[in-house]
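Chemist: Sharing my_file12.cif, mmCIF, C-alpha atoms:
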```cif
data_data
loop_
_atom_site.label_atom_id
_atom_site.label_comp_id
_atom_site.auth_asym_id
_atom_site.auth_seq_id
_atom_site.Cartn_x
_atom_site.Cartn_y
_atom_site.Cartn_z
CA MET C 1 -23.58 6.76 -10.87
CA SER C 2 -25.62 4.03 -12.46
CA ASP C 3 -23.72 4.26 -15.71
CA GLY C 4 -20.46 3.53 -13.91
CA GLN C 5 -18.80 1.04 -16.16
CA ALA C 6 -15.14 1.40 -15.42
CA PHE C 7 -13.61 -1.43 -13.41
CA TRP C 8 -11.27 -1.10 -10.48
CA LEU C 9 -9.27 -4.31 -10.28
CA HIS C 10 -8.63 -5.53 -6.75
CA GLY C 11 -6.86 -8.70 -7.67
CA VAL C 12 -6.80 -11.91 -9.63
CA THR C 13 -7.55 -15.36 -8.27
CA ARG C 14 -8.41 -18.81 -9.56
CA GLN C 15 -11.77 -19.78 -8.17
CA LEU C 16 -14.33 -17.42 -6.78
CA ARG C 17 -18.02 -16.71 -7.12
CA THR C 18 -19.52 -13.30 -6.59
CA GLU C 19 -21.78 -14.76 -3.88
CA GLN C 20 -18.71 -15.50 -1.78
CA LEU C 21 -18.06 -11.78 -1.63
CA ALA C 22 -21.61 -10.79 -0.70
CA GLY C 23 -21.74 -7.71 1.47
CA LEU C 24 -18.24 -6.62 0.60
CA THR C 25 -17.79 -3.20 -0.93
CA GLY C 26 -14.89 -2.31 -3.13
CA THR C 27 -13.07 0.91 -3.73
CA GLY C 28 -15.64 3.46 -4.79
CA GLY C 29 -18.34 1.90 -2.61
CA GLY C 30 -19.85 -0.53 -5.12
CA PRO C 31 -20.29 -4.27 -4.60
CA VAL C 32 -17.39 -6.55 -5.38
CA GLU C 33 -17.79 -8.83 -8.38
CA ALA C 34 -15.98 -11.93 -9.54
CA VAL C 35 -15.51 -11.81 -13.31
CA ARG C 36 -14.37 -15.01 -14.93
CA VAL C 37 -11.73 -14.66 -17.61
CA GLY C 38 -10.74 -18.09 -18.89
CA ASP C 39 -9.49 -20.10 -15.93
CA LEU C 40 -8.85 -17.00 -13.87
CA VAL C 41 -11.14 -14.71 -11.92
CA ALA C 42 -10.77 -10.94 -11.83
CA VAL C 43 -12.06 -9.42 -8.61
CA VAL C 44 -13.41 -5.99 -9.42
CA ALA C 45 -15.69 -3.18 -8.34
CA ARG C 46 -17.42 -0.85 -10.76
CA VAL C 47 -16.42 2.74 -10.42
CA ASP C 48 -17.61 5.95 -11.96
CA PRO C 49 -15.37 6.42 -15.00
CA ASP C 50 -15.29 10.17 -14.51
CA GLY C 51 -13.83 9.86 -11.06
CA TYR C 52 -11.06 7.58 -12.22
CA ALA C 53 -9.93 9.24 -15.39
CA GLU C 54 -6.32 10.25 -15.30
CA ALA C 55 -6.82 13.87 -14.32
CA ALA C 56 -9.43 13.02 -11.70
CA LEU C 57 -7.29 10.30 -10.21
CA HIS C 58 -4.36 12.62 -9.98
CA ARG C 59 -6.51 15.10 -8.11
CA ASN C 60 -7.87 12.37 -5.85
CA LEU C 61 -4.43 11.17 -4.88
CA GLY C 62 -3.90 14.52 -3.24
CA ASP C 63 -7.11 14.06 -1.29
CA LEU C 64 -6.18 12.41 1.95
CA HIS C 65 -9.56 10.96 2.72
CA TRP C 66 -9.91 9.56 -0.75
CA LEU C 67 -6.50 7.97 -0.51
CA GLU C 68 -7.13 6.37 2.83
CA GLU C 69 -10.53 5.06 1.83
CA ALA C 70 -9.32 3.74 -1.49
CA ALA C 71 -6.37 1.92 0.04
CA THR C 72 -8.38 0.57 2.94
CA ALA C 73 -11.23 -0.68 0.76
CA HIS C 74 -8.74 -2.25 -1.63
CA HIS C 75 -7.00 -3.99 1.24
CA ARG C 76 -10.26 -5.26 2.70
CA VAL C 77 -11.19 -6.89 -0.58
CA VAL C 78 -7.75 -8.33 -1.24
CA GLU C 79 -7.60 -9.79 2.23
CA SER C 80 -11.08 -11.29 1.97
CA VAL C 81 -10.21 -12.98 -1.29
CA TRP C 82 -6.89 -14.12 0.14
CA ARG C 83 -8.69 -15.93 2.95
CA LEU C 84 -10.53 -17.96 0.33
CA GLY C 85 -7.59 -18.81 -1.88
CA PRO C 86 -4.45 -17.54 -3.55
CA VAL C 87 -4.69 -13.96 -4.73
CA LEU C 88 -2.54 -11.77 -6.85
CA PRO C 89 -3.24 -8.29 -5.53
CA ALA C 90 -3.46 -5.55 -8.11
CA ARG C 91 -1.54 -2.38 -7.63
CA LEU C 92 -3.60 0.45 -6.20
CA ALA C 93 -5.62 2.21 -8.90
CA THR C 94 -5.47 -0.41 -11.60
CA VAL C 95 -8.53 0.66 -13.57
CA TYR C 96 -10.03 -0.59 -16.85
CA ARG C 97 -12.28 1.67 -18.86
CA ASP C 98 -14.87 -1.04 -19.58
CA GLY C 99 -15.64 -4.76 -19.50
CA PRO C 100 -13.89 -5.70 -22.76
CA ALA C 101 -10.74 -3.87 -21.67
CA LEU C 102 -10.80 -5.78 -18.39
CA HIS C 103 -11.17 -9.10 -20.20
CA ALA C 104 -8.40 -8.29 -22.64
CA GLY C 105 -6.12 -7.04 -19.88
CA VAL C 106 -6.38 -10.25 -17.89
CA HIS C 107 -6.51 -12.56 -20.89
CA ASP C 108 -3.38 -11.10 -22.46
CA ARG C 109 -1.38 -11.72 -19.33
CA ARG C 110 -2.88 -15.03 -18.31
CA VAL C 111 0.35 -16.98 -18.53
CA ALA C 112 2.27 -14.62 -16.25
CA LEU C 113 -0.73 -14.35 -13.93
CA ARG C 114 -0.95 -18.13 -13.56
CA THR C 115 2.76 -18.41 -12.89
CA VAL C 116 2.69 -15.80 -10.17
CA LEU C 117 -0.49 -17.23 -8.64
CA ASP C 118 1.27 -20.59 -8.41
CA GLN C 119 4.16 -18.96 -6.60
CA LEU C 120 1.84 -17.22 -4.18
CA THR C 121 -0.36 -20.18 -3.33
CA ASP C 122 -0.41 -20.89 0.40
CA ARG C 123 2.03 -18.10 1.03
CA ALA C 124 1.78 -15.07 3.25
CA GLU C 125 3.86 -11.95 3.41
CA TRP C 126 5.48 -10.78 6.63
CA GLY C 127 6.92 -7.34 7.10
CA VAL C 128 9.99 -6.60 9.18
CA LYS C 129 11.08 -3.07 9.95
CA ALA C 130 14.34 -2.28 11.70
CA TYR C 131 15.04 0.98 13.47
CA ALA C 132 18.48 2.14 14.53
CA VAL C 133 18.41 2.55 18.27
CA ARG C 134 20.43 5.48 19.53
CA SER C 135 23.22 4.22 21.70
CA ALA C 136 23.60 5.52 25.25
CA ASP C 137 27.01 6.98 24.37
CA GLU C 138 25.64 8.99 21.53
CA ALA C 139 22.83 10.30 23.67
CA THR C 140 25.14 11.54 26.38
CA GLU C 141 27.40 13.22 23.89
CA HIS C 142 24.48 15.10 22.47
CA SER C 143 23.11 16.18 25.78
CA ALA C 144 26.49 17.18 27.19
CA GLY C 145 25.28 20.72 26.81
CA PRO C 146 27.14 24.00 26.49
CA VAL C 147 30.61 24.31 27.87
CA GLY C 148 32.48 27.23 29.38
CA GLY C 149 33.87 29.87 27.05
CA GLY C 150 37.48 28.86 27.58
CA ALA C 151 36.91 25.24 26.74
CA GLY C 152 36.60 25.68 23.00
CA ALA C 153 39.14 23.01 22.14
CA ALA C 154 37.55 20.53 24.48
CA TYR C 155 34.19 21.30 23.00
CA LEU C 156 35.46 20.69 19.48
CA ARG C 157 37.04 17.45 20.52
CA ARG C 158 33.86 16.29 22.09
CA ARG C 159 31.87 17.41 19.12
CA ARG C 160 34.15 15.55 16.74
CA ALA C 161 33.94 12.44 18.86
CA ALA C 162 30.16 12.69 18.87
CA LEU C 163 30.05 13.01 15.11
CA ALA C 164 32.37 10.06 14.69
CA ALA C 165 30.29 8.01 17.09
CA GLY C 166 27.15 8.96 15.19
CA GLU C 167 28.72 7.94 11.91
CA ALA C 168 29.92 4.66 13.38
CA ALA C 169 26.46 3.99 14.78
CA ARG C 170 24.86 4.66 11.40
CA GLN C 171 27.36 2.37 9.74
CA ALA C 172 26.73 -0.37 12.30
CA ALA C 173 22.97 -0.03 11.89
CA ALA C 174 23.24 -0.28 8.12
CA GLU C 175 25.39 -3.38 8.37
CA GLY C 176 23.05 -4.86 10.94
CA ALA C 177 20.10 -4.24 8.61
CA GLU C 178 21.93 -6.04 5.81
CA ALA C 179 22.65 -9.01 8.04
CA VAL C 180 19.08 -9.19 9.34
CA HIS C 181 17.63 -8.94 5.86
CA GLY C 182 20.04 -11.58 4.58
CA ALA C 183 19.13 -14.00 7.33
CA LEU C 184 15.38 -13.49 6.94
CA ALA C 185 15.62 -13.72 3.16
CA GLY C 186 17.49 -16.98 3.57
CA LEU C 187 14.52 -18.49 5.36
CA ALA C 188 11.87 -16.91 3.14
CA GLY C 189 10.99 -18.09 -0.34
CA ALA C 190 11.32 -14.57 -1.64
CA ALA C 191 12.28 -11.26 -0.12
CA ARG C 192 12.08 -7.67 -1.04
CA ARG C 193 13.11 -4.38 0.50
CA HIS C 194 10.82 -1.41 0.39
CA ARG C 195 12.20 2.05 0.71
CA PRO C 196 12.67 2.71 4.43
CA GLN C 197 10.00 5.07 5.71
CA ASP C 198 11.35 8.43 6.71
CA ARG C 199 10.47 9.75 10.12
CA SER C 200 7.58 11.88 8.99
CA LEU C 201 5.94 8.71 7.66
CA SER C 202 6.88 6.21 10.33
CA GLY C 203 6.19 8.57 13.23
CA VAL C 204 9.17 7.02 14.97
CA ALA C 205 12.07 9.19 16.05
CA GLU C 206 14.64 6.51 15.35
CA PRO C 207 15.67 6.17 11.71
CA MET C 208 14.34 3.14 9.88
CA VAL C 209 17.13 1.15 8.27
CA LEU C 210 15.18 -1.81 6.96
CA ASN C 211 11.67 -2.10 5.53
CA GLY C 212 11.61 -5.67 4.34
CA ALA C 213 8.92 -8.03 3.05
CA TYR C 214 9.26 -11.80 3.19
CA LEU C 215 7.16 -14.45 1.50
CA LEU C 216 6.59 -17.57 3.57
CA PRO C 217 4.47 -20.70 3.61
CA ALA C 218 2.14 -20.71 6.59
CA GLU C 219 3.96 -23.52 8.34
CA ARG C 220 7.18 -21.52 8.53
CA ALA C 221 5.68 -18.51 10.28
CA ALA C 222 6.71 -19.70 13.75
CA GLU C 223 10.22 -20.43 12.59
CA PHE C 224 10.40 -16.97 11.05
CA ALA C 225 9.27 -15.31 14.28
CA GLU C 226 11.85 -17.29 16.22
CA LEU C 227 14.60 -16.29 13.81
CA LEU C 228 13.54 -12.69 14.20
CA ARG C 229 13.83 -13.01 17.97
CA VAL C 230 17.32 -14.43 17.64
CA LEU C 231 18.33 -11.66 15.26
CA GLY C 232 16.96 -9.05 17.61
CA ALA C 233 19.13 -10.39 20.41
CA ARG C 234 22.15 -10.51 18.14
CA HIS C 235 21.74 -6.92 16.97
CA PRO C 236 21.08 -4.77 20.01
CA ALA C 237 21.64 -1.61 17.95
CA LEU C 238 18.45 -2.42 16.04
CA ARG C 239 14.84 -2.53 17.11
CA LEU C 240 12.95 -5.01 14.98
CA GLU C 241 9.24 -4.85 14.31
CA LEU C 242 7.11 -7.56 12.72
CA THR C 243 3.89 -6.96 10.79
CA GLY C 244 1.62 -9.44 9.12
CA PRO C 245 0.52 -11.77 7.91
CA TRP C 246 -0.26 -9.77 4.79
CA PRO C 247 -1.65 -10.91 1.49
CA PRO C 248 1.41 -11.25 -0.75
CA TYR C 249 1.30 -7.68 -2.02
CA SER C 250 5.02 -7.21 -2.36
CA PHE C 251 5.40 -10.32 -4.47
CA ALA C 252 2.63 -9.88 -7.00
CA GLY C 253 5.30 -8.93 -9.50
CA LEU C 254 7.56 -11.85 -8.76
CA GLU C 255 9.44 -11.34 -12.00
CA ASP C 256 11.03 -8.42 -10.24
CA SER C 257 12.27 -10.21 -7.19
CA GLU C 258 13.60 -13.14 -9.15
CA THR C 259 16.19 -10.87 -10.63
CA GLU C 260 17.45 -10.29 -7.08
CA ASP C 261 17.38 -6.64 -7.86
CA THR C 262 15.13 -6.06 -4.95
CA GLU C 263 15.59 -2.35 -4.74
CA ALA C 264 15.55 -1.21 -8.31
CA GLY C 265 11.92 -0.18 -8.41
CA ASN C 266 11.99 1.76 -5.22
CA ALA C 267 15.31 3.39 -5.81
CA GLU C 268 13.92 5.02 -8.88
CA THR C 269 11.12 6.60 -6.96
CA GLY C 270 13.48 7.81 -4.30
CA ASN C 271 14.11 11.34 -5.32
CA ALA C 272 11.90 12.24 -8.19
CA GLY C 273 11.51 15.84 -7.13
CA ILE C 274 7.84 16.57 -7.12
CA GLY C 275 6.76 19.88 -8.45
CA ASN C 276 4.32 20.49 -5.63
CA ALA C 277 5.41 23.62 -3.91
CA GLY C 278 5.19 24.20 -0.26
CA ILE C 279 5.35 20.67 1.07
CA GLU C 280 8.37 19.86 3.11
CA ASP C 281 10.12 16.87 1.76
CA GLU C 282 13.59 17.01 3.16
CA SER C 283 13.55 13.53 4.52
CA THR C 284 12.70 11.65 1.35
CA GLY C 285 16.31 11.61 0.30
CA GLY C 286 17.45 10.29 3.64
CA GLY C 287 15.16 7.31 3.38
CA GLY C 288 16.03 6.65 -0.19
CA THR C 289 19.74 6.51 0.30
CA GLU C 290 19.71 4.01 3.12
CA ASP C 291 19.57 1.12 0.79
CA GLY C 292 22.77 1.96 -1.01
CA GLY C 293 22.55 -0.81 -3.52
CA THR C 294 24.28 -3.55 -1.61
CA GLY C 295 23.39 -6.95 -2.91
CA ASP C 296 21.63 -9.51 -0.83
CA GLY C 297 23.32 -10.47 2.35
CA GLY C 298 24.63 -13.65 0.77
CA GLY C 299 26.24 -16.17 3.10
CA VAL C 300 24.38 -15.03 6.19
CA GLU C 301 21.23 -16.95 5.52
CA ALA C 302 21.14 -20.46 6.92
CA ALA C 303 23.69 -19.58 9.57
CA GLY C 304 21.14 -17.35 11.19
CA VAL C 305 18.70 -20.14 11.77
CA ASP C 306 20.69 -22.49 13.91
CA GLY C 307 23.63 -20.32 14.83
CA GLY C 308 21.40 -18.42 17.21
CA ARG C 309 23.61 -18.12 20.23
CA ARG C 310 27.20 -17.24 19.88
CA MET O 1 1.09 -9.30 17.13
CA SER O 2 -1.63 -8.92 14.59
CA GLY O 3 -1.02 -6.73 11.61
CA ARG O 4 -4.69 -6.82 10.85
CA GLU O 5 -5.78 -5.17 14.04
CA VAL O 6 -3.24 -2.46 13.60
CA LEU O 7 -4.34 -1.84 10.06
CA ASP O 8 -7.94 -1.39 10.91
CA SER O 9 -7.52 1.58 13.12
CA GLN O 10 -4.17 3.27 13.14
CA PRO O 11 -3.41 5.86 10.52
CA VAL O 12 0.30 5.20 10.82
CA SER O 13 -0.01 1.69 9.46
CA LEU O 14 -1.56 3.19 6.36
CA VAL O 15 2.06 3.78 5.46
CA ASP O 16 2.84 0.07 5.63
CA LEU O 17 -0.21 -0.61 3.51
CA LEU O 18 0.74 1.97 0.91
CA ASP O 19 4.26 0.59 0.71
CA ARG O 20 2.62 -2.62 -0.39
CA VAL O 21 -0.31 -1.61 -2.55
CA LEU O 22 1.90 0.78 -4.46
CA ALA O 23 4.87 -1.53 -4.74
CA THR O 24 3.06 -4.31 -6.51
CA GLY O 25 4.75 -5.27 -9.74
CA VAL O 26 3.63 -5.01 -13.27
CA VAL O 27 1.99 -8.36 -13.91
CA VAL O 28 -1.45 -6.80 -14.12
CA SER O 29 -1.72 -3.39 -15.65
CA GLY O 30 -4.87 -1.54 -16.47
CA ASP O 31 -5.83 1.27 -18.80
CA LEU O 32 -4.94 3.47 -15.93
CA VAL O 33 -1.83 2.83 -13.91
CA LEU O 34 -0.15 5.02 -11.39
CA SER O 35 3.05 6.61 -12.59
CA ILE O 36 6.09 7.07 -10.40
CA ALA O 37 5.16 10.71 -9.99
CA ASP O 38 1.70 9.62 -8.82
CA VAL O 39 3.23 7.31 -6.27
CA ASP O 40 5.40 10.08 -4.93
CA LEU O 41 2.37 12.29 -4.75
CA VAL O 42 0.72 9.68 -2.56
CA TYR O 43 3.58 9.83 -0.09
CA VAL O 44 3.56 13.60 -0.08
CA SER O 45 -0.17 13.53 0.68
CA LEU O 46 0.42 11.01 3.39
CA ARG O 47 3.09 13.08 5.08
CA ALA O 48 0.68 15.96 5.23
CA LEU O 49 -2.04 13.68 6.59
CA LEU O 50 0.14 12.21 9.29
CA ALA O 51 1.52 15.60 10.24
CA SER O 52 -1.99 16.93 10.77
CA VAL O 53 -3.13 13.81 12.64
CA ARG O 54 -0.16 14.02 14.98
CA ALA O 55 -0.52 17.73 15.48
CA ALA O 56 -4.09 17.12 16.59
CA ALA O 57 -3.06 14.20 18.79
CA GLY O 58 -0.34 16.02 20.71
CA PRO O 59 3.42 16.39 20.66
CA ASP O 60 5.01 15.21 17.45
CA PRO O 61 7.39 12.32 18.13
CA THR O 62 9.27 13.09 14.94
CA SER O 63 10.25 16.58 16.01
CA GLY O 64 12.05 15.43 19.12
CA GLY O 65 14.93 13.62 17.49
CA THR O 66 18.16 15.23 16.42
CA PRO O 67 18.52 15.67 12.69
CA CYS O 68 21.19 13.61 11.08
#
```
Could you show the structure in this file as structure tokens?

Modeler:
Amino acid sequence: MSDGQAFWLHGVTRQLRTEQLAGLTGTGGGPVEAVRVGDLVAVVARVDPDGYAEAALHRNLGDLHWLEEAATAHHRVVESVWRLGPVLPARLATVYRDGPALHAGVHDRRVALRTVLDQLTDRAEWGVKAYAVRSADEATEHSAGPVGGGAGAAYLRRRRAALAAGEAARQAAAEGAEAVHGALAGLAGAARRHRPQDRSLSGVAEPMVLNGAYLLPAERAAEFAELLRVLGARHPALRLELTGPWPPYSFAGLEDSETEDTEAGNAETGNAGIGNAGIEDESTGGGGTEDGGTGDGGGVEAAGVDGGRR
Amino acid sequence: MSGREVLDSQPVSLVDLLDRVLATGVVVSGDLVLSIADVDLVYVSLRALLASVRAAAGPDPTSGGTPC
């Protein structure tokens, strides 16, 4: 324990002294330290190298308690630093084997780190999730129940109509999600779409069609919330949910979002069939395909702000 | 609404958190970085976690819907 010399990186900031983080514990349970590297500060916690070697980490990721504690501790530190100044959150499980490796890792990327920190200064991330609400029509079709034996043709007709209605509803929800994302992205400085959470993750029966993240200066938060309200009224087939403010997690790799290719990273992870046997995973594909590579919702943006009522 | 409050207690919002802490770009990379397979493993773990939490809590809201 005492010879723990590996470093878990929570994030990078500009100005911070270890005393400002007194009492805060990082992932792994150790105190949080501010390590100066040039004009930047790496916010780290020492971890037992054995527990964070590749094989051990892989094992730990399958340990639910470990995962929850690691993510929660990481978030607590990132958020605490964020309250004090701009922070570039590190991806979960960014670990350096020792002090020199930490220094080199930050030093080598200092130019990119400074650039991103500049872009994140005084910004917060807001999350917007959209769920496709099942229309009343669709619900009645589904619950129409069994029909008499002689009514086979009528049954098929109804069934076909129900399927068509379901398809139309899915299509409408997908288009609505595009429009909502386009409008929100138009107001935000940067936007990004995460893979929609499938039902087993969201715990919501309705399918998620948008899992967006939006980077905003603090003074635009109210405007953003108002726009969201307007969009909710305009798209009754969607239920919109706001989370935040978050530290700017989704934008710590701004190089990505500048290319406008907001989905590339997630799309890749969509269906990488995992070898783990015995764990149901049927819904991963469903979530991953929602975002069928449409570009950003172009021309919708500014119109959404003032064109509230039709 | 406050995302912070939600995060502190509810296991479900762990999903929102993981979307973010795992999505972070590549500006900082350590000696050890999660691979795509690792990230998928995280979500698989999480599904199992949430399934067990919900089973303990009562009826599973995700089992009620019609499959599409």

Chemist: Would you give me, as a ChimeraX atom specification, the residues of chain C that come within 7 Å of chain O, using all atoms listed in the file?

Modeler: /C:54,58,61-62,64,90-97,105,112-113,194,199-205,243-245,249-253,269

Chemist: Would you compute the distance between atom CA of Lys129 of chain C and atom CA of His74 of chain C? Give it in Å to one decimal.

Modeler: 23.0 Å

Chemist: One decimal, in Å: what's the spacing between atom CA of Ala73 of chain C and atom CA of Ser52 of chain O?

Modeler: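 Those two atoms sit 22.3 Å apart.
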
Chemist: Work out how far apart atom CA of Arg239 of chain C and atom CA of Leu210 of chain C are and give it in Å to one decimal.

Modeler: 10.2 Å

Chemist: Within 9 Å of Val35 of chain C, counting only C-alpha atoms, which residues qualify if same-chain residues fewer than 2 places away don't, as a VMD selection string?

Modeler: chain C and resid 16 to 18 33 37 40 to 44 103

Chemist: Could you pull the residues within 9 Å of Phe224 of chain C, counting all atoms listed in the file, minus those fewer than 5 positions along the same chain, as a PDB file with C-alpha atoms, in the coordinates of the input?

Modeler:
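Writing the result to out39.pdb gives the following:
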```pdb
ATOM      1  CA  LEU C 184      15.380 -13.490   6.940  1.00  0.00           C
ATOM      2  CA  LEU C 187      14.520 -18.490   5.360  1.00  0.00           C
ATOM      3  CA  ALA C 188      11.870 -16.910   3.140  1.00  0.00           C
ATOM      4  CA  LEU C 216       6.590 -17.570   3.570  1.00  0.00           C
ATOM      5  CA  ARG C 229      13.830 -13.010  17.970  1.00  0.00           C
ATOM      6  CA  VAL C 305      18.700 -20.140  11.770  1.00  0.00           C
TER       7      VAL C 305
END
```

Chemist: Spell out the residues picked by the PyMOL selection byres ((chain C and resi 190) around 8) here, as a list in words.

Modeler: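 Evaluating the PyMOL selection byres ((chain C and resi 190) around 8) on these coordinates yields Ala185, Ala188, Gly189, Ala191, Arg192, Tyr214, Leu215, Leu216, Phe251, Ser257 and Glu258 of chain C.
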
Chemist: Suppose a student applies the PyMOL selection byres ((chain C and resi 246) around 7) to this structure; what residues should they get, written as a compact mmCIF listing (two decimals) with C-alpha atoms, in the frame of the given file?

Modeler:
```
# COMPACT_ATOMS: atom_id res chain seq x y z
CA ALA C 124 1.78 -15.07 3.25
CA GLU C 125 3.86 -11.95 3.41
CA TRP C 126 5.48 -10.78 6.63
CA GLY C 244 1.62 -9.44 9.12
CA PRO C 245 0.52 -11.77 7.91
CA PRO C 247 -1.65 -10.91 1.49
CA PRO C 248 1.41 -11.25 -0.75
```

Chemist: Closest to Asp50 of chain C among C:Leu88, C:Ala6, C:Leu163, C:Val230, using only C-alpha atoms?

Modeler: C:Ala6
